[in-house]
Structures are given as C-alpha cells and as structure tokens.
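Raw my_file_12.cif, mmCIF, C-alpha atoms:
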```
data_final
loop_
_atom_site.label_atom_id
_atom_site.label_comp_id
_atom_site.auth_asym_id
_atom_site.auth_seq_id
_atom_site.Cartn_x
_atom_site.Cartn_y
_atom_site.Cartn_z
CA MET A 1 -2.00 25.82 7.13
CA LYS A 2 -3.05 24.43 3.74
CA ILE A 3 -2.29 20.76 3.23
CA LEU A 4 -2.53 18.73 0.00
CA LEU A 5 -3.02 14.95 0.32
CA VAL A 6 -1.88 13.03 -2.76
CA ASP A 7 -2.81 9.34 -2.73
CA ASP A 8 -4.71 7.14 -5.19
CA SER A 9 -6.45 5.36 -2.30
CA LYS A 10 -9.48 7.26 -1.03
CA THR A 11 -9.31 5.13 2.11
CA MET A 12 -5.79 6.31 2.84
CA ARG A 13 -6.69 9.94 2.12
CA ASN A 14 -9.62 9.66 4.54
CA ILE A 15 -7.41 8.16 7.26
CA GLN A 16 -4.78 10.89 6.82
CA LYS A 17 -7.46 13.58 6.69
CA GLY A 18 -8.87 12.32 10.00
CA ILE A 19 -5.44 12.51 11.62
CA LEU A 20 -4.89 16.04 10.27
CA THR A 21 -8.28 17.13 11.60
CA GLN A 22 -7.38 15.79 15.05
CA LEU A 23 -4.16 17.81 14.87
CA GLY A 24 -6.18 20.92 14.07
CA TYR A 25 -5.43 21.14 10.34
CA THR A 26 -8.73 21.52 8.53
CA GLU A 27 -7.78 23.28 5.29
CA VAL A 28 -7.07 20.12 3.34
CA GLN A 29 -7.41 19.34 -0.36
CA GLU A 30 -7.04 15.94 -2.01
CA ALA A 31 -5.51 14.70 -5.26
CA CYS A 32 -5.75 11.15 -6.58
CA ASP A 33 -2.38 11.03 -8.41
CA GLY A 34 0.59 13.16 -9.41
CA LEU A 35 -1.12 14.68 -12.43
CA ASP A 36 -4.15 15.66 -10.37
CA ALA A 37 -1.83 17.17 -7.76
CA LEU A 38 0.08 19.21 -10.35
CA SER A 39 -3.23 20.63 -11.60
CA LYS A 40 -4.15 21.72 -8.05
CA VAL A 41 -0.95 23.14 -6.56
CA GLY A 42 -1.15 26.37 -8.58
CA ALA A 43 -4.48 27.51 -7.20
CA PHE A 44 -4.29 25.86 -3.76
CA THR A 45 -0.62 26.76 -2.99
CA PRO A 46 -0.24 24.18 -0.19
CA ASP A 47 2.00 24.83 2.83
CA LEU A 48 2.58 21.07 3.25
CA LEU A 49 2.10 18.05 1.00
CA LEU A 50 1.67 14.39 1.94
CA VAL A 51 2.48 12.33 -1.15
CA ASP A 52 2.15 8.61 -1.90
CA TRP A 53 4.73 6.97 -4.19
CA ASN A 54 2.93 4.29 -6.21
CA MET A 55 0.02 5.86 -8.09
CA PRO A 56 -1.40 5.53 -11.61
CA ASN A 57 -0.94 8.25 -14.29
CA MET A 58 1.92 9.97 -12.44
CA ASP A 59 3.76 8.48 -9.47
CA GLY A 60 4.73 10.47 -6.42
CA LEU A 61 8.44 10.68 -7.20
CA THR A 62 7.78 12.16 -10.65
CA PHE A 63 5.34 14.61 -9.10
CA VAL A 64 7.92 15.71 -6.50
CA LYS A 65 10.55 16.30 -9.21
CA GLN A 66 8.13 18.35 -11.33
CA PHE A 67 6.84 20.28 -8.31
CA ARG A 68 10.39 21.19 -7.27
CA ALA A 69 11.31 22.06 -10.87
CA LYS A 70 8.65 24.77 -10.70
CA GLY A 71 10.60 26.30 -7.79
CA SER A 72 8.06 25.29 -5.14
CA LYS A 73 9.64 25.03 -1.69
CA ALA A 74 6.66 23.78 0.35
CA PRO A 75 7.67 20.82 2.53
CA ILE A 76 6.78 17.35 1.29
CA ILE A 77 6.34 14.19 3.35
CA MET A 78 6.37 10.99 1.34
CA VAL A 79 3.83 8.53 2.84
CA THR A 80 4.35 5.20 1.14
CA THR A 81 4.81 1.45 1.35
CA GLU A 82 8.24 1.86 -0.30
CA ALA A 83 10.42 1.16 2.74
CA GLU A 84 13.81 0.28 1.22
CA LYS A 85 16.68 2.62 2.14
CA SER A 86 17.50 3.12 -1.53
CA ARG A 87 13.96 4.44 -2.12
CA VAL A 88 14.19 6.81 0.83
CA VAL A 89 17.48 8.19 -0.50
CA GLU A 90 15.96 8.55 -3.98
CA ALA A 91 13.01 10.47 -2.56
CA ILE A 92 15.17 12.79 -0.45
CA LYS A 93 17.36 13.52 -3.49
CA ALA A 94 14.22 14.40 -5.47
CA GLY A 95 13.23 16.98 -2.86
CA VAL A 96 11.23 15.15 -0.22
CA ASN A 97 11.68 16.63 3.28
CA ASN A 98 10.51 13.68 5.37
CA TYR A 99 9.38 10.08 4.98
CA VAL A 100 6.67 7.92 6.55
CA VAL A 101 6.35 4.22 5.80
CA LYS A 102 2.88 2.64 5.66
CA PRO A 103 1.49 1.19 7.84
CA PHE A 104 1.70 4.04 10.33
CA THR A 105 0.02 4.95 13.60
CA PRO A 106 -1.82 8.27 13.97
CA ASP A 107 0.79 9.34 16.53
CA GLY A 108 3.63 8.38 14.19
CA LEU A 109 2.27 10.41 11.28
CA GLY A 110 1.40 13.32 13.57
CA GLU A 111 4.93 13.42 15.01
CA ARG A 112 6.47 13.39 11.54
CA ILE A 113 4.26 16.29 10.45
CA LYS A 114 5.20 18.37 13.51
CA GLU A 115 8.88 17.52 13.04
CA THR A 116 8.79 18.56 9.37
CA LEU A 117 7.03 21.87 10.04
CA ALA A 118 9.42 22.63 12.94
CA ARG A 119 12.44 22.00 10.71
CA VAL A 120 11.07 24.30 8.02
CA ALA A 121 10.27 27.01 10.57
CA ALA A 122 13.79 26.82 11.98
CA ALA A 123 15.48 27.03 8.57
CA MET B 1 9.80 -21.34 -3.13
CA GLU B 2 12.38 -20.29 -0.55
CA ALA B 3 11.27 -19.41 2.98
CA THR B 4 13.13 -16.15 2.33
CA TYR B 5 10.10 -15.08 0.33
CA ILE B 6 7.41 -16.37 2.72
CA VAL B 7 8.54 -15.09 6.11
CA PRO B 8 8.46 -11.42 4.97
CA PHE B 9 4.77 -11.78 4.08
CA ILE B 10 3.97 -13.34 7.46
CA LYS B 11 5.74 -10.50 9.28
CA SER B 12 4.14 -7.89 7.05
CA VAL B 13 0.54 -9.09 7.41
CA GLN B 14 0.99 -9.15 11.19
CA ASN B 15 2.49 -5.66 11.13
CA VAL B 16 -0.23 -4.16 8.91
CA PHE B 17 -3.11 -5.67 10.90
CA GLY B 18 -1.44 -4.82 14.22
CA THR B 19 -0.70 -1.21 13.27
CA MET B 20 -3.72 -0.20 11.21
CA LEU B 21 -6.44 -2.41 12.76
CA GLN B 22 -5.01 -3.09 16.24
CA THR B 23 -5.72 -6.75 15.48
CA GLN B 24 -3.35 -9.64 16.12
CA VAL B 25 -2.96 -12.24 13.39
CA GLU B 26 -1.94 -15.86 14.05
CA VAL B 27 -0.40 -17.62 11.08
CA GLY B 28 -0.83 -21.36 10.43
CA ASN B 29 1.47 -23.61 8.44
CA PRO B 30 2.04 -22.35 4.91
CA GLU B 31 1.10 -24.99 2.35
CA LEU B 32 1.31 -25.53 -1.37
CA LYS B 33 -1.81 -24.25 -3.13
CA LYS B 34 -3.33 -26.55 -5.73
CA ALA B 35 -3.82 -24.87 -9.11
CA GLY B 36 -7.44 -23.87 -9.66
CA SER B 37 -8.52 -24.24 -6.05
CA PRO B 38 -10.92 -21.49 -4.98
CA ALA B 39 -9.96 -18.41 -3.02
CA TYR B 40 -12.44 -16.87 -0.61
CA ASP B 41 -15.03 -14.33 -1.80
CA ILE B 42 -13.00 -11.13 -1.89
CA SER B 43 -9.40 -10.88 -3.06
CA GLY B 44 -6.91 -8.05 -3.35
CA ILE B 45 -4.17 -8.79 -5.88
CA ILE B 46 -0.76 -7.16 -6.41
CA GLY B 47 1.82 -7.92 -9.09
CA MET B 48 5.55 -7.88 -8.36
CA SER B 49 8.29 -7.29 -10.91
CA GLY B 50 12.03 -6.78 -10.94
CA ASP B 51 14.47 -9.08 -9.12
CA VAL B 52 11.44 -10.96 -7.74
CA GLU B 53 8.32 -11.43 -9.86
CA GLY B 54 4.87 -12.91 -9.41
CA SER B 55 1.74 -12.04 -7.47
CA VAL B 56 0.34 -11.69 -3.97
CA VAL B 57 -3.30 -12.34 -3.12
CA LEU B 58 -5.02 -11.29 0.12
CA SER B 59 -8.28 -13.24 0.27
CA PHE B 60 -11.25 -13.07 2.67
CA PRO B 61 -14.71 -14.54 3.17
CA THR B 62 -17.18 -11.66 2.65
CA ALA B 63 -18.15 -11.26 6.33
CA VAL B 64 -14.50 -11.17 7.43
CA ALA B 65 -13.58 -8.65 4.75
CA GLU B 66 -16.43 -6.40 5.84
CA ARG B 67 -15.27 -6.51 9.47
CA VAL B 68 -11.65 -5.90 8.45
CA VAL B 69 -12.54 -2.94 6.20
CA SER B 70 -14.80 -1.44 8.87
CA LEU B 71 -11.96 -1.60 11.40
CA PHE B 72 -9.46 -0.21 8.89
CA THR B 73 -11.61 2.73 7.78
CA GLY B 74 -13.40 3.38 11.07
CA THR B 75 -16.72 3.24 9.18
CA ASP B 76 -19.24 0.40 8.90
CA MET B 77 -18.91 -0.69 5.31
CA ASP B 78 -20.34 -3.67 3.41
CA HIS B 79 -18.90 -5.07 0.19
CA ALA B 80 -21.34 -3.08 -1.99
CA HIS B 81 -19.99 0.25 -0.71
CA ASP B 82 -18.16 2.37 -3.31
CA ASP B 83 -14.99 2.55 -1.20
CA PHE B 84 -14.88 -1.11 -0.13
CA ALA B 85 -12.59 -2.35 -2.92
CA ASP B 86 -10.28 0.62 -2.44
CA ALA B 87 -9.76 -0.34 1.21
CA VAL B 88 -9.03 -4.00 0.38
CA GLY B 89 -6.58 -2.84 -2.29
CA GLU B 90 -4.76 -0.59 0.15
CA LEU B 91 -4.39 -3.46 2.63
CA VAL B 92 -2.74 -5.77 0.07
CA ASN B 93 -0.63 -2.83 -1.08
CA MET B 94 0.75 -2.28 2.42
CA ILE B 95 1.32 -6.00 2.99
CA SER B 96 3.19 -6.39 -0.31
CA GLY B 97 5.23 -3.22 0.19
CA GLY B 98 6.21 -4.26 3.69
CA ALA B 99 7.23 -7.71 2.50
CA LYS B 100 9.32 -6.57 -0.45
CA ALA B 101 11.27 -4.21 1.80
CA GLN B 102 12.52 -7.36 3.57
CA PHE B 103 13.88 -8.92 0.35
CA LYS B 104 17.51 -8.10 1.06
CA GLY B 105 19.48 -6.77 -1.89
CA LYS B 106 16.54 -7.06 -4.30
CA SER B 107 15.05 -4.28 -6.36
CA VAL B 108 11.33 -5.00 -6.67
CA SER B 109 8.42 -2.91 -7.95
CA ILE B 110 4.77 -3.53 -7.09
CA SER B 111 1.73 -2.81 -9.24
CA CYS B 112 -1.33 -0.85 -8.23
CA PRO B 113 -3.77 -3.33 -6.62
CA SER B 114 -6.73 -5.03 -8.26
CA VAL B 115 -9.70 -6.32 -6.25
CA VAL B 116 -12.02 -9.19 -7.17
CA ILE B 117 -15.42 -9.68 -5.50
CA GLY B 118 -17.30 -12.91 -6.21
CA ASN B 119 -18.08 -16.03 -4.20
CA ASP B 120 -15.49 -18.83 -4.48
CA HIS B 121 -13.67 -17.18 -7.37
CA VAL B 122 -10.45 -18.82 -8.56
CA VAL B 123 -7.17 -16.94 -8.95
CA PHE B 124 -4.97 -18.62 -11.56
CA ASN B 125 -1.35 -17.78 -11.02
CA ARG B 126 1.50 -18.39 -13.45
CA LYS B 127 1.90 -22.10 -14.05
CA ASP B 128 5.68 -21.90 -13.74
CA VAL B 129 5.58 -20.34 -10.27
CA VAL B 130 4.63 -22.26 -7.14
CA SER B 131 1.81 -20.74 -5.03
CA ILE B 132 1.96 -20.87 -1.26
CA HIS B 133 -1.21 -20.53 0.81
CA ILE B 134 -0.62 -18.85 4.19
CA PRO B 135 -3.66 -19.38 6.48
CA CYS B 136 -4.31 -16.52 8.90
CA THR B 137 -6.53 -16.40 11.97
CA SER B 138 -7.64 -13.27 13.80
CA GLU B 139 -10.37 -12.13 16.17
CA VAL B 140 -12.30 -10.82 13.16
CA GLY B 141 -12.13 -14.17 11.35
CA ASP B 142 -9.98 -16.35 9.12
CA PHE B 143 -8.44 -15.21 5.86
CA ALA B 144 -5.42 -16.06 3.72
CA VAL B 145 -2.42 -14.62 1.97
CA GLU B 146 -1.32 -16.44 -1.19
CA VAL B 147 2.19 -15.80 -2.40
CA SER B 148 3.30 -16.83 -5.87
CA VAL B 149 6.70 -15.29 -6.52
CA ARG B 150 10.09 -16.31 -7.83
CA GLN B 151 13.50 -14.77 -8.15
CA THR B 152 14.34 -13.60 -11.65
CA THR B 153 17.45 -12.54 -13.48
CA ALA B 154 15.50 -10.10 -15.66
CA PRO B 155 16.31 -6.39 -15.29
CA ALA B 156 14.57 -4.71 -12.36
CA GLY B 157 11.53 -2.52 -12.94
CA ALA B 158 10.91 -3.76 -16.47
CA GLY B 159 7.15 -3.36 -16.27
CA GLN B 160 4.67 -5.36 -14.26
CA SER B 161 4.27 -9.08 -14.67
CA ALA B 162 0.83 -10.34 -15.47
CA ALA B 163 -0.27 -10.73 -11.87
CA ALA B 164 -2.90 -13.39 -12.20
CA ALA B 165 -6.02 -14.35 -14.07
CA VAL B 166 -9.29 -14.62 -12.21
CA LYS B 167 -12.28 -16.85 -12.82
CA ALA B 168 -15.47 -16.07 -10.92
#
```
As structure tokens - that is how I would like this structure written.
Amino acid sequence: MKILLVDDSKTMRNIQKGILTQLGYTEVQEACDGLDALSKVGAFTPDLLLVDWNMPNMDGLTFVKQFRAKGSKAPIIMVTTEAEKSRVVEAIKAGVNNYVVKPFTPDGLGERIKETLARVAAA
Amino acid sequence: MEATYIVPFIKSVQNVFGTMLQTQVEVGNPELKKAGSPAYDISGIIGMSGDVEGSVVLSFPTAVAERVVSLFTGTDMDHAHDDFADAVGELVNMISGGAKAQFKGKSVSISCPSVVIGNDHVVFNRKDVVSIHIPCTSEVGDFAVEVSVRQTTAPAGAGQSAAAAVKA
C-alpha cells in the first residue's frame, strides 16, 4: 500500500507518518503542497492520499481537482482544519472520498483510513 | 468585539491542546489588549479574511513553547530546531480553523501561519480593530491567545488581510 502525504507542515506529515507506521503502512512519500504532489503522483502512483487543504503554491482542493482530471481514481482523504459543512461538500464534489478535521486523534485518523480503504475494496 | 468571536477561540484552543497534546487548558478572563504591549517570546500568527477579518496570535514564553512543541511532536525540541516554527504554526492553524468553523453563517478564509521568535516582541494589530487577550493556563505553563477580528461586509475570500506587523 503506497500512501502519499500532502501537507505543508512537516510536523503534521511526521505525525501522520507515525500513525501510518503504527498501522503497518510503511511505503509513504511526502509532498509539501499541491504542486509538489502533482509532480510525484506519476512516478509514485499512490494507492491512498492524505491531503491538507490550506497550502502555499497549490491548495489541496485544486490538487484534488487536477488529480481527478487526470483520471486518477486512488482514494483521497482530506485532512484539514476546514471544518465547515460547506467545505466538506465542496471537497466531496471535487473528488475527495473521506474527510478528517484537525485536530484528530491517532485512533480517529486510523479508523477513517480503514473505513476509506474498505469502501474502495467493496466498490 | 462580540463574544460570538471570542468563545470559539476558547473552545478551539482547549480542543486542540486536549486532542493533540492531551493537555487541559484553563482560560482566564479575556481582556482588552493595549496597543504596543509586548507578547511573549514566540508567536504564531494567522490572518483571517472574508466575512470576518483580522488576525489571531498564539503566544508563548520560550520554555512553555518548547514544552508544548515537544508534547505535540513527540520529540524534544528547542526553539533553535529547524522544525520548531513549523510546529508552532500548525498549532495556531488548527486553533484558528477550529474557531472559524464556529462562526455560524460566515465564510472565512485563513492564511498560512507566520511565526515570530524574539524576546518580548510586539505584535501591532490593525488600529481599527480591537484586540482581546485571552490568558491560558496549563500544566506545561501559561500562554495566551490574542484575537483581533471584526465582521466585514466585504466579499468573502478576497485575499488575506494584512495580519499584523511585528516589532522585535
């Protein structure tokens, strides 16, 4: 399982990476914004992406739209401080499969990852 | 400034510290901040724009910030560490995001965070917006959240307001 973490905060990427490692996912790459992520998805071909919303250069929502426009179907979990319902709807419409609001607990993020992968497997 | 815009920050700082640091935060009486009065030594700053505009400052004495960041990252980290400012920025980002989600019916954008490190620096907020100092106490030490926001009739998402100027 290849996972791409997209967040401008190295701290947040480290925290998420630690949770993924505990869950047994060790093939993880990191990107610091949407542009960086777009440059990496071609070679890395992630099976799951965790994407922040507010980032410099290219925000997460723009990245998701461009990623989906390429025909990529890999599941995306938006992990963000943007908690308003209108933002969640906007993200889902853009192609996000699941949504986690920061702050989160390790168990909370882990459950959402399992739930997302189970949904994709069942589809 | 209406309490509508203060209570969300109190709830949010308690939620962020409780969830990410497993640390309870007690909040004292919010008070008007005098212009030009010093912040602590380390401040994370976020700008807000849209239906509510202004800035949010999360400010710590150095020793408290180092304890907070070490708890947050799970790694002992002093203020000279390369990733220290990033961690402080992410904390103020989560606090601001959590607060703005409680502004009912408002469309608000937040900027990427800036972090200032320097003893007794001063954060100058917009002169036409009142600043409220929210004192916070926790087992890792005292710190503060300073909220300087106002409701606006300007179109939402029209760029970031100048968050604040800083004098070291």
*Decode the PyMOL selection byres ((chain A and resi 63) around 9) for the given file into explicit residues and return them as an NGL selection string.*
:A and (33-35 or 37-38 or 51 or 58-62 or 64-68)
Hey, could you pull the box centre and edge lengths for stretch 37-41 of chain A, axis-aligned, 8 Å padding per side, all listed atoms, to one decimal in Å, as lines of an AutoDock Vina configuration file?
```
center_x = -2.0
center_y = 20.2
center_z = -9.1
size_x = 20.2
size_y = 22.0
size_z = 21.0
```
*Decode the PyMOL selection byres ((chain B) within 8 of (chain A)) for the given file into explicit residues and return them as a ChimeraX atom specification.*
/B:15-16,19-20,73,83,86-87,90,93-94,97-98,101,111-112
_Spatial neighbours of A:Lys40, max dist 12 Å, all atoms listed in the file, sep filter under 6 positions, as a list of chain:residue names_ =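 In the requested form, the answer reads A:Ile3, A:Leu4, A:Leu5, A:Val6, A:Val28, A:Gln29, A:Glu30, A:Ala31, A:Cys32, A:Asp33, A:Gly34, A:Pro46, A:Leu49, A:Phe63, A:Phe67.
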*Any idea what's packed within 12 Å of B:Phe143, counting only C-alpha atoms, ignoring anything in its chain fewer than 2 positions away? Could you give it as number ranges by chain?*
B: 13, 25-28, 39-44, 57-68, 133-141, 145-146
Could the residues in this selection be written to a file with C-alpha atoms, as a PDB file, keeping the file's coordinate frame?
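Once written, again21.pdb looks like this:
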```
ATOM      1  CA  VAL B  13       0.540  -9.090   7.410  1.00  0.00           C
ATOM      2  CA  VAL B  25      -2.960 -12.240  13.390  1.00  0.00           C
ATOM      3  CA  GLU B  26      -1.940 -15.860  14.050  1.00  0.00           C
ATOM      4  CA  VAL B  27      -0.400 -17.620  11.080  1.00  0.00           C
ATOM      5  CA  GLY B  28      -0.830 -21.360  10.430  1.00  0.00           C
ATOM      6  CA  ALA B  39      -9.960 -18.410  -3.020  1.00  0.00           C
ATOM      7  CA  TYR B  40     -12.440 -16.870  -0.610  1.00  0.00           C
ATOM      8  CA  ASP B  41     -15.030 -14.330  -1.800  1.00  0.00           C
ATOM      9  CA  ILE B  42     -13.000 -11.130  -1.890  1.00  0.00           C
ATOM     10  CA  SER B  43      -9.400 -10.880  -3.060  1.00  0.00           C
ATOM     11  CA  GLY B  44      -6.910  -8.050  -3.350  1.00  0.00           C
ATOM     12  CA  VAL B  57      -3.300 -12.340  -3.120  1.00  0.00           C
ATOM     13  CA  LEU B  58      -5.020 -11.290   0.120  1.00  0.00           C
ATOM     14  CA  SER B  59      -8.280 -13.240   0.270  1.00  0.00           C
ATOM     15  CA  PHE B  60     -11.250 -13.070   2.670  1.00  0.00           C
ATOM     16  CA  PRO B  61     -14.710 -14.540   3.170  1.00  0.00           C
ATOM     17  CA  THR B  62     -17.180 -11.660   2.650  1.00  0.00           C
ATOM     18  CA  ALA B  63     -18.150 -11.260   6.330  1.00  0.00           C
ATOM     19  CA  VAL B  64     -14.500 -11.170   7.430  1.00  0.00           C
ATOM     20  CA  ALA B  65     -13.580  -8.650   4.750  1.00  0.00           C
ATOM     21  CA  GLU B  66     -16.430  -6.400   5.840  1.00  0.00           C
ATOM     22  CA  ARG B  67     -15.270  -6.510   9.470  1.00  0.00           C
ATOM     23  CA  VAL B  68     -11.650  -5.900   8.450  1.00  0.00           C
ATOM     24  CA  HIS B 133      -1.210 -20.530   0.810  1.00  0.00           C
ATOM     25  CA  ILE B 134      -0.620 -18.850   4.190  1.00  0.00           C
ATOM     26  CA  PRO B 135      -3.660 -19.380   6.480  1.00  0.00           C
ATOM     27  CA  CYS B 136      -4.310 -16.520   8.900  1.00  0.00           C
ATOM     28  CA  THR B 137      -6.530 -16.400  11.970  1.00  0.00           C
ATOM     29  CA  SER B 138      -7.640 -13.270  13.800  1.00  0.00           C
ATOM     30  CA  GLU B 139     -10.370 -12.130  16.170  1.00  0.00           C
ATOM     31  CA  VAL B 140     -12.300 -10.820  13.160  1.00  0.00           C
ATOM     32  CA  GLY B 141     -12.130 -14.170  11.350  1.00  0.00           C
ATOM     33  CA  VAL B 145      -2.420 -14.620   1.970  1.00  0.00           C
ATOM     34  CA  GLU B 146      -1.320 -16.440  -1.190  1.00  0.00           C
TER      35      GLU B 146
END
```
*Residues matched by the PyMOL selection byres ((chain A and resi 111) around 12) as a list in words*: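 What the PyMOL selection byres ((chain A and resi 111) around 12) grabs from the file is Ile19, Leu20, Leu23, Ile77, Asn98, Tyr99, Val100, Phe104, Thr105, Pro106, Asp107, Gly108, Leu109, Gly110, Arg112, Ile113, Lys114, Glu115, Thr116, Leu117 and Ala118 of chain A.
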*Closest to B:Ser148 among B:Ile117, B:Ile110, B:Leu32, B:Val69, using all atoms listed in the file?*
B:Leu32
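The space between atom CA of B:Phe17 and atom CA of B:Leu91 spans 8.7 Å.
Going from atom CA of A:Leu50 to atom CA of A:Gln22 covers 16.0 Å.
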*Give me, please, the distance in Å between atom CA of B:Pro38 and atom CA of B:Gly89, quoted to one decimal.*
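Separation of atom CA of B:Pro38 and atom CA of B:Gly89: 19.3 Å.
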With N, CA and C atoms as the target, complete stretch 39-56 of chain B and hand it back as a PDB file, keeping the file's coordinate frame.
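That gives us result34.pdb:
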```pdb
ATOM      1  N   ALA B  39     -10.331 -19.353  -4.082  1.00  0.00           N
ATOM      2  CA  ALA B  39      -9.960 -18.410  -3.020  1.00  0.00           C
ATOM      3  C   ALA B  39     -11.228 -18.185  -2.215  1.00  0.00           C
ATOM      4  N   TYR B  40     -11.204 -17.250  -1.289  1.00  0.00           N
ATOM      5  CA  TYR B  40     -12.440 -16.870  -0.610  1.00  0.00           C
ATOM      6  C   TYR B  40     -13.267 -15.997  -1.550  1.00  0.00           C
ATOM      7  N   ASP B  41     -14.077 -15.112  -0.986  1.00  0.00           N
ATOM      8  CA  ASP B  41     -15.030 -14.330  -1.800  1.00  0.00           C
ATOM      9  C   ASP B  41     -14.479 -12.994  -2.288  1.00  0.00           C
ATOM     10  N   ILE B  42     -13.519 -12.458  -1.556  1.00  0.00           N
ATOM     11  CA  ILE B  42     -13.000 -11.130  -1.890  1.00  0.00           C
ATOM     12  C   ILE B  42     -11.475 -11.178  -1.864  1.00  0.00           C
ATOM     13  N   SER B  43     -10.858 -10.797  -2.973  1.00  0.00           N
ATOM     14  CA  SER B  43      -9.400 -10.880  -3.060  1.00  0.00           C
ATOM     15  C   SER B  43      -8.794  -9.579  -3.548  1.00  0.00           C
ATOM     16  N   GLY B  44      -7.737  -9.150  -2.874  1.00  0.00           N
ATOM     17  CA  GLY B  44      -6.910  -8.050  -3.350  1.00  0.00           C
ATOM     18  C   GLY B  44      -5.656  -8.644  -3.964  1.00  0.00           C
ATOM     19  N   ILE B  45      -5.283  -8.174  -5.144  1.00  0.00           N
ATOM     20  CA  ILE B  45      -4.170  -8.790  -5.880  1.00  0.00           C
ATOM     21  C   ILE B  45      -3.141  -7.726  -6.268  1.00  0.00           C
ATOM     22  N   ILE B  46      -1.872  -8.062  -6.050  1.00  0.00           N
ATOM     23  CA  ILE B  46      -0.760  -7.160  -6.410  1.00  0.00           C
ATOM     24  C   ILE B  46       0.252  -7.930  -7.245  1.00  0.00           C
ATOM     25  N   GLY B  47       0.764  -7.313  -8.298  1.00  0.00           N
ATOM     26  CA  GLY B  47       1.820  -7.920  -9.090  1.00  0.00           C
ATOM     27  C   GLY B  47       3.178  -7.411  -8.639  1.00  0.00           C
ATOM     28  N   MET B  48       4.178  -8.285  -8.687  1.00  0.00           N
ATOM     29  CA  MET B  48       5.550  -7.880  -8.360  1.00  0.00           C
ATOM     30  C   MET B  48       6.418  -8.058  -9.582  1.00  0.00           C
ATOM     31  N   SER B  49       7.357  -7.151  -9.789  1.00  0.00           N
ATOM     32  CA  SER B  49       8.290  -7.290 -10.910  1.00  0.00           C
ATOM     33  C   SER B  49       9.654  -6.782 -10.492  1.00  0.00           C
ATOM     34  N   GLY B  50      10.664  -7.165 -11.274  1.00  0.00           N
ATOM     35  CA  GLY B  50      12.030  -6.780 -10.940  1.00  0.00           C
ATOM     36  C   GLY B  50      12.842  -8.007 -10.588  1.00  0.00           C
ATOM     37  N   ASP B  51      13.639  -7.933  -9.520  1.00  0.00           N
ATOM     38  CA  ASP B  51      14.470  -9.080  -9.120  1.00  0.00           C
ATOM     39  C   ASP B  51      13.622 -10.233  -8.592  1.00  0.00           C
ATOM     40  N   VAL B  52      12.402  -9.926  -8.152  1.00  0.00           N
ATOM     41  CA  VAL B  52      11.440 -10.960  -7.740  1.00  0.00           C
ATOM     42  C   VAL B  52      10.137 -10.658  -8.482  1.00  0.00           C
ATOM     43  N   GLU B  53       9.544 -11.670  -9.097  1.00  0.00           N
ATOM     44  CA  GLU B  53       8.320 -11.430  -9.860  1.00  0.00           C
ATOM     45  C   GLU B  53       7.240 -12.423  -9.480  1.00  0.00           C
ATOM     46  N   GLY B  54       6.002 -12.037  -9.711  1.00  0.00           N
ATOM     47  CA  GLY B  54       4.870 -12.910  -9.410  1.00  0.00           C
ATOM     48  C   GLY B  54       3.704 -12.111  -8.878  1.00  0.00           C
ATOM     49  N   SER B  55       2.924 -12.727  -7.982  1.00  0.00           N
ATOM     50  CA  SER B  55       1.740 -12.040  -7.470  1.00  0.00           C
ATOM     51  C   SER B  55       1.486 -12.387  -6.011  1.00  0.00           C
ATOM     52  N   VAL B  56       0.734 -11.520  -5.368  1.00  0.00           N
ATOM     53  CA  VAL B  56       0.340 -11.690  -3.970  1.00  0.00           C
ATOM     54  C   VAL B  56      -1.169 -11.499  -3.906  1.00  0.00           C
TER      55      VAL B  56
END
```
